[in-house]
$ cat upload.txt   # compact mmCIF, C-alpha atoms and all ligand atoms
# COMPACT_ATOMS: atom_id res chain seq x y z
CA MET A 51 -99.31 -83.81 87.14
CA THR A 52 -96.91 -81.40 85.43
CA GLY A 53 -94.56 -78.91 87.16
CA VAL A 54 -95.18 -76.89 90.32
CA ASN A 55 -96.07 -73.19 90.12
CA ARG A 56 -95.17 -72.09 93.65
CA GLY A 57 -96.56 -68.56 93.44
CA LEU A 58 -99.41 -69.37 91.03
CA ASP A 59 -98.05 -66.62 88.72
CA GLY A 60 -100.18 -66.21 85.65
CA VAL A 61 -102.77 -68.80 86.71
CA ALA A 62 -106.40 -67.66 86.40
CA VAL A 63 -108.79 -69.54 88.71
CA ALA A 64 -111.85 -67.28 88.55
CA GLU A 65 -113.73 -64.93 86.28
CA THR A 66 -114.59 -61.55 87.77
CA ARG A 67 -116.47 -58.36 86.87
CA LEU A 68 -114.86 -56.47 89.74
CA SER A 69 -111.37 -55.35 88.69
CA THR A 70 -108.54 -55.99 86.27
CA MET A 71 -105.07 -54.63 85.70
CA ASP A 72 -102.53 -54.40 82.92
CA GLY A 73 -99.13 -54.85 84.53
CA GLU A 74 -97.16 -53.67 81.50
CA ALA A 75 -99.22 -50.54 80.80
CA GLY A 76 -99.81 -49.72 84.47
CA GLU A 77 -103.59 -49.62 84.20
CA LEU A 78 -106.19 -50.63 86.74
CA ILE A 79 -109.93 -50.83 86.12
CA ILE A 80 -112.30 -51.09 89.07
CA GLY A 81 -115.98 -51.83 88.41
CA GLY A 82 -115.51 -50.62 84.83
CA PHE A 83 -113.84 -47.30 85.75
CA PRO A 84 -110.17 -46.36 85.50
CA VAL A 85 -108.92 -46.23 89.09
CA GLU A 86 -108.09 -42.52 88.69
CA GLU A 87 -111.73 -41.68 87.95
CA LEU A 88 -113.39 -43.87 90.53
CA ALA A 89 -111.00 -43.07 93.38
CA ASP A 90 -111.33 -39.30 93.10
CA ASN A 91 -115.09 -39.10 92.54
CA ALA A 92 -116.91 -41.85 94.41
CA THR A 93 -117.89 -42.07 98.03
CA PHE A 94 -116.99 -45.47 99.44
CA GLU A 95 -120.70 -46.32 99.64
CA GLU A 96 -121.01 -45.70 95.87
CA THR A 97 -118.10 -48.04 95.24
CA LEU A 98 -119.63 -50.71 97.46
CA TYR A 99 -122.98 -50.36 95.71
CA LEU A 100 -121.21 -50.67 92.35
CA PHE A 101 -119.56 -53.86 93.58
CA PHE A 102 -122.63 -55.44 95.13
CA ARG A 103 -125.22 -54.39 92.53
CA GLY A 104 -123.10 -54.00 89.37
CA ARG A 105 -123.91 -50.33 88.65
CA LEU A 106 -123.81 -46.91 90.29
CA PRO A 107 -126.84 -46.02 92.45
CA ASP A 108 -129.13 -43.05 91.84
CA ALA A 109 -129.57 -40.57 94.71
CA GLU A 110 -132.47 -42.44 96.32
CA GLU A 111 -130.78 -45.83 96.07
CA LEU A 112 -127.58 -44.41 97.51
CA SER A 113 -129.39 -42.87 100.45
CA ALA A 114 -131.15 -46.17 101.25
CA PHE A 115 -127.88 -48.11 100.89
CA ARG A 116 -126.08 -45.66 103.18
CA SER A 117 -128.74 -46.10 105.86
CA ASP A 118 -128.70 -49.90 105.53
CA LEU A 119 -124.95 -49.91 106.00
CA ALA A 120 -125.02 -47.41 108.87
CA GLU A 121 -127.60 -49.56 110.69
CA CYS A 122 -125.16 -52.46 110.82
CA ARG A 123 -122.21 -50.60 112.37
CA ALA A 124 -122.70 -51.44 116.04
CA ILE A 125 -120.72 -54.25 117.68
CA GLY A 126 -121.70 -56.06 120.88
CA ASP A 127 -120.18 -55.92 124.37
CA GLU A 128 -118.62 -59.37 123.89
CA VAL A 129 -116.64 -58.00 120.92
CA LEU A 130 -115.63 -54.90 122.88
CA ALA A 131 -114.32 -57.17 125.65
CA VAL A 132 -112.12 -59.01 123.14
CA LEU A 133 -110.84 -55.72 121.69
CA ARG A 134 -110.12 -54.28 125.14
CA ARG A 135 -108.04 -57.34 125.94
CA ALA A 136 -106.20 -57.14 122.60
CA ALA A 137 -105.40 -53.47 123.26
CA GLU A 138 -104.25 -54.12 126.83
CA GLU A 139 -101.88 -56.77 125.53
CA GLU A 140 -100.72 -54.39 122.77
CA LYS A 141 -101.58 -56.87 120.05
CA PRO A 142 -101.17 -55.44 116.53
CA ALA A 143 -104.33 -53.91 115.04
CA MET A 144 -104.61 -56.69 112.44
CA ASP A 145 -104.71 -59.29 115.23
CA ALA A 146 -107.42 -57.25 116.94
CA LEU A 147 -109.37 -57.01 113.67
CA ARG A 148 -109.13 -60.77 113.19
CA MET A 149 -110.24 -61.43 116.78
CA GLY A 150 -113.03 -58.84 116.58
CA ALA A 151 -114.35 -60.11 113.25
CA ALA A 152 -114.35 -63.67 114.56
CA ALA A 153 -116.05 -62.71 117.84
CA ALA A 154 -118.71 -60.48 116.30
CA ASN A 155 -122.08 -62.03 115.59
CA LEU A 156 -122.14 -60.83 111.98
CA GLY A 157 -124.09 -63.61 110.29
CA THR A 158 -127.80 -62.91 109.80
CA GLU A 159 -130.35 -65.44 111.08
CA ASP A 160 -131.22 -66.74 107.64
CA GLY A 161 -127.57 -66.64 106.53
CA ASP A 162 -128.29 -64.50 103.48
CA PRO A 163 -124.80 -64.01 101.97
CA GLU A 164 -125.39 -60.45 100.71
CA ALA A 165 -126.89 -59.27 104.02
CA ASP A 166 -124.00 -60.93 105.89
CA ALA A 167 -121.48 -59.32 103.55
CA LEU A 168 -122.90 -55.85 104.22
CA ARG A 169 -122.81 -56.43 107.97
CA VAL A 170 -119.15 -57.43 107.76
CA VAL A 171 -118.23 -54.34 105.72
CA ALA A 172 -120.18 -52.07 108.09
CA ALA A 173 -118.63 -53.53 111.25
CA PHE A 174 -114.94 -53.40 110.25
CA PRO A 175 -114.36 -49.67 110.99
CA THR A 176 -116.16 -49.99 114.33
CA ILE A 177 -113.95 -52.91 115.35
CA VAL A 178 -110.73 -51.10 114.39
CA ALA A 179 -111.75 -47.80 116.00
CA ALA A 180 -112.90 -49.44 119.26
CA TYR A 181 -109.57 -51.28 119.52
CA TRP A 182 -107.75 -48.00 118.91
CA ARG A 183 -109.72 -46.15 121.58
CA TYR A 184 -108.70 -48.81 124.12
CA ARG A 185 -105.09 -48.58 122.91
CA VAL A 186 -105.02 -44.87 123.71
CA GLY A 187 -106.73 -45.38 127.08
CA GLU A 188 -110.16 -44.09 126.05
CA GLU A 189 -113.62 -45.60 125.77
CA PRO A 190 -114.96 -46.49 122.27
CA ILE A 191 -117.14 -43.94 120.50
CA GLU A 192 -120.52 -45.06 119.21
CA PRO A 193 -120.94 -44.86 115.42
CA ASP A 194 -122.80 -41.80 114.16
CA PRO A 195 -125.48 -42.83 111.62
CA ASP A 196 -125.52 -39.32 110.12
CA LEU A 197 -121.94 -39.69 108.93
CA GLY A 198 -120.81 -41.62 105.85
CA HIS A 199 -118.66 -44.73 106.13
CA ALA A 200 -115.30 -42.94 105.82
CA ALA A 201 -116.23 -39.90 107.95
CA ASN A 202 -117.67 -42.12 110.67
CA TYR A 203 -114.44 -44.16 110.86
CA LEU A 204 -112.37 -41.01 111.42
CA TYR A 205 -114.95 -39.76 113.94
CA MET A 206 -114.85 -43.01 115.92
CA LEU A 207 -111.05 -42.78 116.16
CA THR A 208 -110.97 -39.34 117.78
CA GLY A 209 -114.50 -38.25 118.76
CA GLU A 210 -114.08 -35.20 116.57
CA ARG A 211 -115.96 -34.58 113.34
CA PRO A 212 -113.36 -34.84 110.56
CA ASP A 213 -112.96 -32.01 108.06
CA GLU A 214 -114.03 -32.52 104.45
CA ARG A 215 -110.49 -32.71 103.15
CA ALA A 216 -109.62 -35.62 105.45
CA VAL A 217 -112.84 -37.45 104.55
CA ARG A 218 -112.19 -36.98 100.81
CA GLY A 219 -108.60 -38.17 101.25
CA LEU A 220 -109.78 -41.30 103.02
CA GLU A 221 -112.56 -41.97 100.45
CA THR A 222 -109.95 -41.74 97.69
CA TYR A 223 -107.79 -44.25 99.52
CA LEU A 224 -110.63 -46.69 100.23
CA ASN A 225 -111.80 -46.59 96.60
CA ALA A 226 -108.29 -46.99 95.17
CA VAL A 227 -107.52 -50.13 97.16
CA VAL A 228 -110.96 -51.76 97.41
CA ASP A 229 -110.05 -54.45 94.91
CA HIS A 230 -107.11 -55.62 92.88
CA GLY A 231 -107.74 -58.81 90.94
CA LEU A 232 -107.00 -62.07 92.65
CA ASN A 233 -104.52 -60.76 95.22
CA ALA A 234 -103.63 -63.14 98.06
CA SER A 235 -106.33 -62.08 100.54
CA THR A 236 -109.07 -62.02 97.91
CA PHE A 237 -108.00 -65.47 96.76
CA THR A 238 -108.27 -66.59 100.39
CA ALA A 239 -111.83 -65.24 100.61
CA ARG A 240 -112.84 -67.07 97.43
CA VAL A 241 -111.22 -70.32 98.60
CA VAL A 242 -113.17 -70.16 101.89
CA VAL A 243 -116.59 -69.69 100.28
CA SER A 244 -115.76 -72.22 97.57
CA THR A 245 -116.16 -74.88 100.28
CA GLU A 246 -119.70 -73.48 100.83
CA SER A 247 -118.53 -71.96 104.10
CA ASP A 248 -119.86 -68.46 104.92
CA VAL A 249 -118.76 -64.94 104.03
CA VAL A 250 -117.96 -63.98 107.65
CA SER A 251 -115.44 -66.83 107.78
CA ALA A 252 -114.07 -65.67 104.42
CA ALA A 253 -113.47 -62.16 105.79
CA THR A 254 -111.82 -63.44 108.95
CA ALA A 255 -109.44 -65.67 106.98
CA ALA A 256 -108.67 -62.87 104.53
CA VAL A 257 -107.64 -60.52 107.36
CA GLY A 258 -104.95 -63.04 108.28
CA THR A 259 -103.66 -63.08 104.70
CA LEU A 260 -103.63 -59.31 104.37
CA LYS A 261 -101.54 -58.90 107.53
CA GLY A 262 -98.23 -60.02 106.03
CA PRO A 263 -95.61 -57.48 104.88
CA LEU A 264 -95.58 -58.93 101.36
CA HIS A 265 -99.24 -57.86 101.11
CA GLY A 266 -100.90 -55.26 103.37
CA GLY A 267 -98.34 -54.95 106.14
CA ALA A 268 -95.89 -52.70 104.27
CA PRO A 269 -97.11 -49.09 104.79
CA GLY A 270 -96.21 -48.87 108.50
CA PRO A 271 -92.58 -49.85 107.78
CA VAL A 272 -92.67 -47.43 104.79
CA LEU A 273 -93.52 -44.53 107.11
CA ASP A 274 -90.76 -45.54 109.55
CA MET A 275 -88.34 -45.60 106.61
CA LEU A 276 -89.46 -42.17 105.39
CA LYS A 277 -89.14 -40.65 108.86
CA GLU A 278 -85.63 -42.09 109.18
CA ILE A 279 -84.61 -40.66 105.82
CA HIS A 280 -86.19 -37.30 106.61
CA GLU A 281 -83.97 -37.18 109.66
CA SER A 282 -80.76 -38.43 108.03
CA GLY A 283 -81.24 -36.56 104.74
CA ASP A 284 -79.38 -39.38 102.97
CA PRO A 285 -81.76 -41.61 100.97
CA GLU A 286 -78.97 -43.15 98.90
CA ALA A 287 -77.07 -44.46 101.94
CA TYR A 288 -80.28 -45.94 103.32
CA VAL A 289 -81.20 -47.75 100.10
CA ARG A 290 -77.68 -49.02 99.45
CA GLU A 291 -77.42 -50.41 102.97
CA LYS A 292 -80.73 -52.28 102.58
CA LEU A 293 -79.96 -53.66 99.13
CA GLU A 294 -76.36 -54.62 100.05
CA ALA A 295 -77.85 -56.61 102.94
CA ASP A 296 -80.24 -58.24 100.43
CA GLU A 297 -83.24 -56.77 102.22
CA ARG A 298 -86.42 -55.72 100.45
CA LEU A 299 -87.34 -52.09 100.17
CA MET A 300 -90.87 -51.70 101.45
CA GLY A 301 -93.29 -50.02 99.04
CA PHE A 302 -91.49 -51.20 95.88
CA GLY A 303 -92.00 -54.15 93.54
CA HIS A 304 -95.16 -55.96 92.56
CA ARG A 305 -96.14 -59.37 91.25
CA ILE A 306 -98.20 -57.89 88.42
CA TYR A 307 -96.82 -54.41 87.66
CA ARG A 308 -93.63 -53.94 85.68
CA VAL A 309 -94.19 -50.17 85.77
CA ARG A 310 -95.26 -47.77 88.52
CA ASP A 311 -98.43 -49.00 90.22
CA PRO A 312 -101.25 -46.73 88.92
CA ARG A 313 -102.59 -46.41 92.48
CA ALA A 314 -99.31 -44.73 93.48
CA ALA A 315 -100.14 -41.71 91.29
CA VAL A 316 -103.69 -41.50 92.65
CA LEU A 317 -102.53 -41.66 96.24
CA GLU A 318 -99.58 -39.32 95.66
CA ALA A 319 -101.89 -36.62 94.25
CA ALA A 320 -104.31 -37.08 97.14
CA ALA A 321 -101.51 -37.02 99.73
CA GLU A 322 -99.73 -33.89 98.52
CA GLN A 323 -102.41 -31.47 99.78
CA PHE A 324 -101.83 -32.60 103.38
CA TYR A 325 -98.25 -31.35 103.42
CA ASP A 326 -97.78 -27.59 103.26
CA ASP A 327 -94.81 -25.87 101.67
CA ASP A 328 -93.06 -25.20 104.99
CA ASP A 329 -92.89 -28.88 105.66
CA ASP A 330 -90.34 -30.62 103.45
CA PHE A 331 -91.55 -34.12 104.41
CA PHE A 332 -93.43 -34.56 101.14
CA GLU A 333 -90.31 -33.56 99.21
CA THR A 334 -88.38 -36.17 101.16
CA ILE A 335 -90.94 -38.74 100.03
CA THR A 336 -90.81 -37.90 96.32
CA ASP A 337 -87.01 -37.55 96.32
CA PHE A 338 -86.69 -40.88 98.04
CA GLU A 339 -88.89 -42.54 95.42
CA ASP A 340 -86.58 -41.32 92.61
CA VAL A 341 -83.42 -42.45 94.38
CA ALA A 342 -84.92 -45.84 95.31
CA VAL A 343 -86.17 -46.64 91.81
CA ASP A 344 -82.75 -45.80 90.29
CA LEU A 345 -80.88 -47.90 92.82
CA LEU A 346 -83.29 -50.83 92.50
CA ALA A 347 -82.54 -50.79 88.76
CA GLU A 348 -78.80 -50.84 89.56
CA TYR A 349 -79.00 -53.69 92.11
CA LYS A 350 -81.75 -55.73 90.43
CA PRO A 351 -81.23 -55.09 86.71
CA ASP A 352 -83.27 -58.13 85.71
CA ARG A 353 -86.43 -56.93 87.51
CA ASP A 354 -88.54 -53.83 86.90
CA LEU A 355 -88.97 -52.71 90.48
CA GLU A 356 -91.14 -49.63 90.72
CA THR A 357 -93.24 -47.97 93.39
CA ASN A 358 -96.25 -49.97 94.58
CA VAL A 359 -99.47 -48.87 96.28
CA GLU A 360 -98.06 -49.05 99.80
CA PHE A 361 -95.51 -46.27 99.34
CA TYR A 362 -98.02 -43.45 98.96
CA THR A 363 -100.54 -45.20 101.21
CA ALA A 364 -98.19 -44.29 104.04
CA ALA A 365 -98.03 -40.64 102.90
CA LEU A 366 -101.79 -40.32 102.43
CA LEU A 367 -102.98 -42.06 105.57
CA HIS A 368 -100.41 -40.16 107.63
CA GLY A 369 -101.69 -36.92 106.07
CA VAL A 370 -105.32 -37.84 106.76
CA GLY A 371 -104.41 -38.47 110.41
CA VAL A 372 -104.85 -42.25 110.60
CA PRO A 373 -102.45 -43.59 113.26
CA GLN A 374 -99.55 -45.55 111.76
CA GLU A 375 -100.42 -48.67 113.79
CA LEU A 376 -103.76 -48.75 111.95
CA PHE A 377 -102.47 -48.59 108.36
CA PRO A 378 -102.90 -52.33 107.61
CA ALA A 379 -106.29 -52.46 109.38
CA THR A 380 -107.43 -49.43 107.38
CA PHE A 381 -106.41 -51.35 104.25
CA GLY A 382 -108.66 -54.13 105.58
CA ILE A 383 -111.55 -51.67 105.99
CA ALA A 384 -111.26 -50.94 102.26
CA ARG A 385 -110.42 -54.39 100.92
CA VAL A 386 -113.21 -56.13 102.82
CA GLY A 387 -115.52 -54.54 100.20
CA GLY A 388 -113.60 -56.43 97.51
CA TRP A 389 -113.44 -59.65 99.54
CA MET A 390 -117.17 -59.66 100.09
CA ALA A 391 -118.01 -58.85 96.46
CA HIS A 392 -115.66 -61.63 95.29
CA ALA A 393 -117.19 -64.06 97.77
CA LEU A 394 -120.67 -63.29 96.42
CA GLU A 395 -119.40 -63.65 92.87
CA GLN A 396 -117.81 -67.00 93.70
CA LEU A 397 -121.10 -68.24 95.15
CA GLU A 398 -122.98 -67.30 91.95
CA ASP A 399 -121.20 -70.05 90.05
CA ASN A 400 -119.25 -71.96 92.65
CA ARG A 401 -116.78 -74.75 92.10
CA LEU A 402 -114.58 -75.96 94.97
CA ILE A 403 -111.08 -74.44 94.62
CA ARG A 404 -108.80 -77.33 95.30
CA PRO A 405 -105.31 -77.31 93.74
CA GLU A 406 -102.72 -80.03 94.09
CA SER A 407 -99.25 -80.45 95.54
CA ARG A 408 -96.36 -82.58 94.37
CA TYR A 409 -95.19 -85.05 96.99
CA THR A 410 -91.45 -84.94 97.78
CA GLY A 411 -91.57 -87.02 100.97
CA GLU A 412 -90.52 -90.61 101.49
CA ARG A 413 -92.43 -93.74 100.56
CA GLY A 414 -92.34 -97.32 101.78
CA ARG A 415 -91.38 -96.65 105.41
CA SER A 416 -92.17 -99.46 107.83
CA TRP A 417 -93.43 -98.74 111.33
CA THR A 418 -91.01 -99.00 114.29
CA PRO A 419 -92.64 -99.40 117.72
CA ILE A 420 -91.86 -96.49 120.05
CA GLY A 421 -89.57 -98.45 122.36
CA GLU A 422 -87.30 -99.44 119.46
CA ARG A 423 -86.72 -95.97 117.91
N1 LIG B 501 -86.76 -54.60 97.26
C1 LIG B 501 -85.70 -55.29 96.82
N2 LIG B 501 -85.75 -56.34 96.01
C2 LIG B 501 -86.95 -56.73 95.60
C3 LIG B 501 -88.13 -56.07 96.01
C4 LIG B 501 -87.98 -54.96 96.85
N3 LIG B 501 -89.05 -54.28 97.28
N4 LIG B 501 -89.18 -56.67 95.44
C5 LIG B 501 -88.72 -57.68 94.71
N5 LIG B 501 -87.37 -57.73 94.83
C6 LIG B 501 -86.47 -58.66 94.17
C7 LIG B 501 -86.38 -59.97 94.95
O1 LIG B 501 -85.40 -59.92 95.95
C8 LIG B 501 -86.02 -60.92 93.85
O2 LIG B 501 -84.67 -60.74 93.53
P1 LIG B 501 -83.75 -62.01 93.09
O3 LIG B 501 -84.40 -62.51 91.84
O4 LIG B 501 -82.41 -61.40 92.90
O5 LIG B 501 -83.85 -62.98 94.23
C9 LIG B 501 -86.81 -60.40 92.67
O6 LIG B 501 -87.01 -59.01 92.91
C10 LIG B 501 -88.14 -61.07 92.50
O7 LIG B 501 -88.83 -61.12 93.72
P2 LIG B 501 -90.15 -61.99 93.96
O8 LIG B 501 -90.36 -62.11 95.42
O9 LIG B 501 -90.12 -63.23 93.14
O10 LIG B 501 -91.24 -61.07 93.30
P3 LIG B 501 -92.76 -61.09 93.60
O11 LIG B 501 -93.40 -60.72 92.36
O12 LIG B 501 -93.20 -62.35 94.22
O13 LIG B 501 -92.82 -59.97 94.73
C11 LIG B 501 -93.60 -58.41 96.29
C12 LIG B 501 -93.81 -59.04 94.90
C13 LIG B 501 -94.61 -57.28 96.48
C14 LIG B 501 -93.83 -59.49 97.35
C15 LIG B 501 -92.16 -57.86 96.40
O14 LIG B 501 -91.92 -56.91 95.40
C16 LIG B 501 -91.84 -57.29 97.79
O15 LIG B 501 -91.50 -58.05 98.70
N6 LIG B 501 -91.93 -55.94 97.97
C17 LIG B 501 -91.66 -55.31 99.25
C18 LIG B 501 -92.86 -55.43 100.19
C19 LIG B 501 -94.01 -54.56 99.73
O16 LIG B 501 -93.83 -53.44 99.28
N7 LIG B 501 -95.21 -55.12 99.90
C20 LIG B 501 -96.44 -54.48 99.42
C21 LIG B 501 -96.93 -55.19 98.20
S1 LIG B 501 -98.06 -54.26 97.18
C22 LIG B 501 -99.55 -54.32 98.00
C23 LIG B 501 -100.28 -55.57 97.97
O17 LIG B 501 -100.17 -56.38 97.07
O18 LIG B 501 -101.07 -55.73 98.90
$ encode --input "upload.txt" --output "structure tokens" --more "lines below"
Ligand code: CMC
Amino acid sequence: MTGVNRGLDGVAVAETRLSTMDGEAGELIIGGFPVEELADNATFEETLYLFFRGRLPDAEELSAFRSDLAECRAIGDEVLAVLRRAAEEEKPAMDALRMGAAAANLGTEDGDPEADALRVVAAFPTIVAAYWRYRVGEEPIEPDPDLGHAANYLYMLTGERPDERAVRGLETYLNAVVDHGLNASTFTARVVVSTESDVVSAATAAVGTLKGPLHGGAPGPVLDMLKEIHESGDPEAYVREKLEADERLMGFGHRIYRVRDPRAAVLEAAAEQFYDDDDDFFETITDFEDVAVDLLAEYKPDRDLETNVEFYTAALLHGVGVPQELFPATFGIARVGGWMAHALEQLEDNRLIRPESRYTGERGRSWTPIGER
């Protein structure tokens, strides 16, 4: 065995038709489309269809796909009981999503991977919204089959029909983050099914991977940071204090991108419309980005640390009206589409993913009976 690559940087372990990025040019292609084009035009159902069937649907196919997905939204009383308990104990939404996904009976009787994958994608918003309703002391709202995937999620959070602008904002978000190469949670999903386990298990494991702040857990802290700076009016002092303390600035830096994450521009444009001119919060956000990027270059001259997807995720989801506690779980509602499509792709031509480790422990120990230690 040669050296150890601790972060697996630059190691390709799968071929995929789903997405690819150029970290130097700042380009992202999803299902063959530049992210800018797909994010702004597609409904999330169209993106899912593209992922599962390899092309865009015509009107009839889309309508049938929408109904199939809507039919699988309901979750059972046993799942609701788990979510109620998670909410009562104020567990984070990602813990509730993991518990709900594990408790839900999402596998079909014949274990057809594509049917199971659709059921998982359909159930995620229902799980998150039901948990949220319990968190705010209300009963869950039944899914509305007449509403699309994004609109129904917003409806289940509040009981009110969302306006078109909010639905479009959320669709843009879901499309922009549905997939991103072999990120950590997608890798997890592929590893799980590579053992010939099932796609429901893959989704549950991937939720756990997405939760961490180095992956999907950053946008909540980003919003806290932006609110603090909006109040203090001093972005430079904030950034210097963090960087002097050797802390990471949430929403900046990326393993692949050496330039601004292309999703940041998509989400920034989508977010702006939610902040009117009287409210200078959006200005605080864009000013902060400029200050942060300059100071990151000063403190970390050897790295190209630019804005990543999570920075404007916070601005957009806040604008759409998604509660801050649900930012990572809403990321999960989008990314589960990518996880499931990758899992199906892995199964098409599976080989067990099984890397190696280099042993640094001792050898040649001899056993000492317990009374003599
Ligand atoms: N603030 C300050 N310093 C940073 C940051 C940051 N946001 N990101 C990287 N660095 C520094 C890091 O301290 C290290 O410096 P040094 O070489 O002096 O020790 C150097 O850059 C390299 O860091 P790394 O951890 O080897 O880089 P990575 O490619 O593994 O990190 C990252 C990628 C996203 C984990 C990292 O940039 C980070 O922690 N960012 C903040 C958290 C964040 O925004 N997370 C969302 C990630 S994007 C969405 C997603 O992928 O799901």
$ closest_residue --input "upload.txt" --among "A:Thr238, A:Asn400, A:Thr222, A:Gln323" --to "A:Asp90" --atoms "only C-alpha atoms"
A:Thr222
$ closest_atom_pairs --input "upload.txt" --of "chain A" --to "ligand LIG 501 (chain B)" --cutoff "8 Å" --atoms "only C-alpha atoms and all ligand atoms" --output "Markdown table"
| residue | atom | partner | partner_atom | distance |
| --- | --- | --- | --- | --- |
| A:Gly57 | CA | B:LIG501 | O12 | 7.1 |
| A:Asn233 | CA | B:LIG501 | O17 | 6.4 |
| A:Ala234 | CA | B:LIG501 | O17 | 7.7 |
| A:Leu260 | CA | B:LIG501 | O18 | 7.0 |
| A:Pro263 | CA | B:LIG501 | N7 | 5.5 |
| A:Leu264 | CA | B:LIG501 | N7 | 4.1 |
| A:His265 | CA | B:LIG501 | O18 | 3.6 |
| A:Gly266 | CA | B:LIG501 | O18 | 4.5 |
| A:Gly267 | CA | B:LIG501 | N7 | 7.0 |
| A:Ala268 | CA | B:LIG501 | N7 | 5.0 |
| A:Pro269 | CA | B:LIG501 | C20 | 7.6 |
| A:Leu293 | CA | B:LIG501 | C1 | 6.4 |
| A:Asp296 | CA | B:LIG501 | O1 | 7.0 |
| A:Glu297 | CA | B:LIG501 | C1 | 6.1 |
| A:Arg298 | CA | B:LIG501 | N1 | 3.4 |
| A:Leu299 | CA | B:LIG501 | N1 | 3.9 |
| A:Met300 | CA | B:LIG501 | O16 | 4.1 |
| A:Gly301 | CA | B:LIG501 | O16 | 3.5 |
| A:Phe302 | CA | B:LIG501 | N3 | 4.2 |
| A:Gly303 | CA | B:LIG501 | O14 | 3.3 |
| A:His304 | CA | B:LIG501 | C12 | 4.1 |
| A:Arg305 | CA | B:LIG501 | O11 | 3.2 |
| A:Ile306 | CA | B:LIG501 | O11 | 6.8 |
| A:Leu346 | CA | B:LIG501 | C1 | 6.7 |
| A:Lys350 | CA | B:LIG501 | O4 | 6.2 |
| A:Asp352 | CA | B:LIG501 | O3 | 7.6 |
| A:Arg353 | CA | B:LIG501 | O6 | 5.8 |
| A:Leu355 | CA | B:LIG501 | N4 | 6.4 |
| A:Asn358 | CA | B:LIG501 | S1 | 5.3 |
| A:Val359 | CA | B:LIG501 | S1 | 5.6 |
| A:Glu360 | CA | B:LIG501 | C20 | 5.7 |
| A:Phe361 | CA | B:LIG501 | O16 | 7.4 |
$ write_last_selection --input "upload.txt" --atoms "C-alpha atoms" --output "tab-separated table (two decimals), in the frame of the given file"
chain	number	residue	atom	x	y	z
A	57	GLY	CA	-96.56	-68.56	93.44
A	233	ASN	CA	-104.52	-60.76	95.22
A	234	ALA	CA	-103.63	-63.14	98.06
A	260	LEU	CA	-103.63	-59.31	104.37
A	263	PRO	CA	-95.61	-57.48	104.88
A	264	LEU	CA	-95.58	-58.93	101.36
A	265	HIS	CA	-99.24	-57.86	101.11
A	266	GLY	CA	-100.90	-55.26	103.37
A	267	GLY	CA	-98.34	-54.95	106.14
A	268	ALA	CA	-95.89	-52.70	104.27
A	269	PRO	CA	-97.11	-49.09	104.79
A	293	LEU	CA	-79.96	-53.66	99.13
A	296	ASP	CA	-80.24	-58.24	100.43
A	297	GLU	CA	-83.24	-56.77	102.22
A	298	ARG	CA	-86.42	-55.72	100.45
A	299	LEU	CA	-87.34	-52.09	100.17
A	300	MET	CA	-90.87	-51.70	101.45
A	301	GLY	CA	-93.29	-50.02	99.04
A	302	PHE	CA	-91.49	-51.20	95.88
A	303	GLY	CA	-92.00	-54.15	93.54
A	304	HIS	CA	-95.16	-55.96	92.56
A	305	ARG	CA	-96.14	-59.37	91.25
A	306	ILE	CA	-98.20	-57.89	88.42
A	346	LEU	CA	-83.29	-50.83	92.50
A	350	LYS	CA	-81.75	-55.73	90.43
A	352	ASP	CA	-83.27	-58.13	85.71
A	353	ARG	CA	-86.43	-56.93	87.51
A	355	LEU	CA	-88.97	-52.71	90.48
A	358	ASN	CA	-96.25	-49.97	94.58
A	359	VAL	CA	-99.47	-48.87	96.28
A	360	GLU	CA	-98.06	-49.05	99.80
A	361	PHE	CA	-95.51	-46.27	99.34
$ residues_near_point --input "upload.txt" --point "(-115.1, -57.1, 102.2)" --cutoff "12 Å" --atoms "only C-alpha atoms" --output "MDAnalysis selection string"
chainID A and resid 97:98 101:102 151 163:164 166:175 224 227:229 235:236 238:240 249:257 260 381:394
$ atom_distance --input "upload.txt" --atom1 "atom CA of A:Glu214" --atom2 "atom CA of A:Ala120"
19.0 Å
$ atom_distance --input "upload.txt" --atom1 "atom CA of A:Asp284" --atom2 "atom CA of A:Glu333"
12.9 Å
$ closest_residue --input "upload.txt" --among "A:Arg218, A:Arg415, A:Arg408, A:His199" --to "A:Glu121" --atoms "all atoms listed in the file"
A:His199
$ closest_residue --input "upload.txt" --among "A:Gln374, A:Thr208, A:Thr66, A:Thr357" --to "A:Lys277" --atoms "only C-alpha atoms"
A:Gln374
$ build_atoms --input "upload.txt" --residues "stretch 203-207 of chain A" --atoms "N, CA and C atoms" --output "CSV table (one decimal), in the coordinates of the input"
chain,number,residue,atom,x,y,z
A,203,TYR,N,-115.7,-43.5,110.4
A,203,TYR,CA,-114.4,-44.2,110.9
A,203,TYR,C,-113.5,-43.2,111.5
A,204,LEU,N,-113.3,-42.0,110.9
A,204,LEU,CA,-112.4,-41.0,111.4
A,204,LEU,C,-113.0,-40.5,112.7
A,205,TYR,N,-114.3,-40.3,112.7
A,205,TYR,CA,-115.0,-39.8,113.9
A,205,TYR,C,-114.8,-40.7,115.1
A,206,MET,N,-115.0,-42.0,114.8
A,206,MET,CA,-114.8,-43.0,115.9
A,206,MET,C,-113.4,-43.2,116.5
A,207,LEU,N,-112.4,-42.7,115.7
A,207,LEU,CA,-111.0,-42.8,116.2
A,207,LEU,C,-110.8,-41.7,117.2
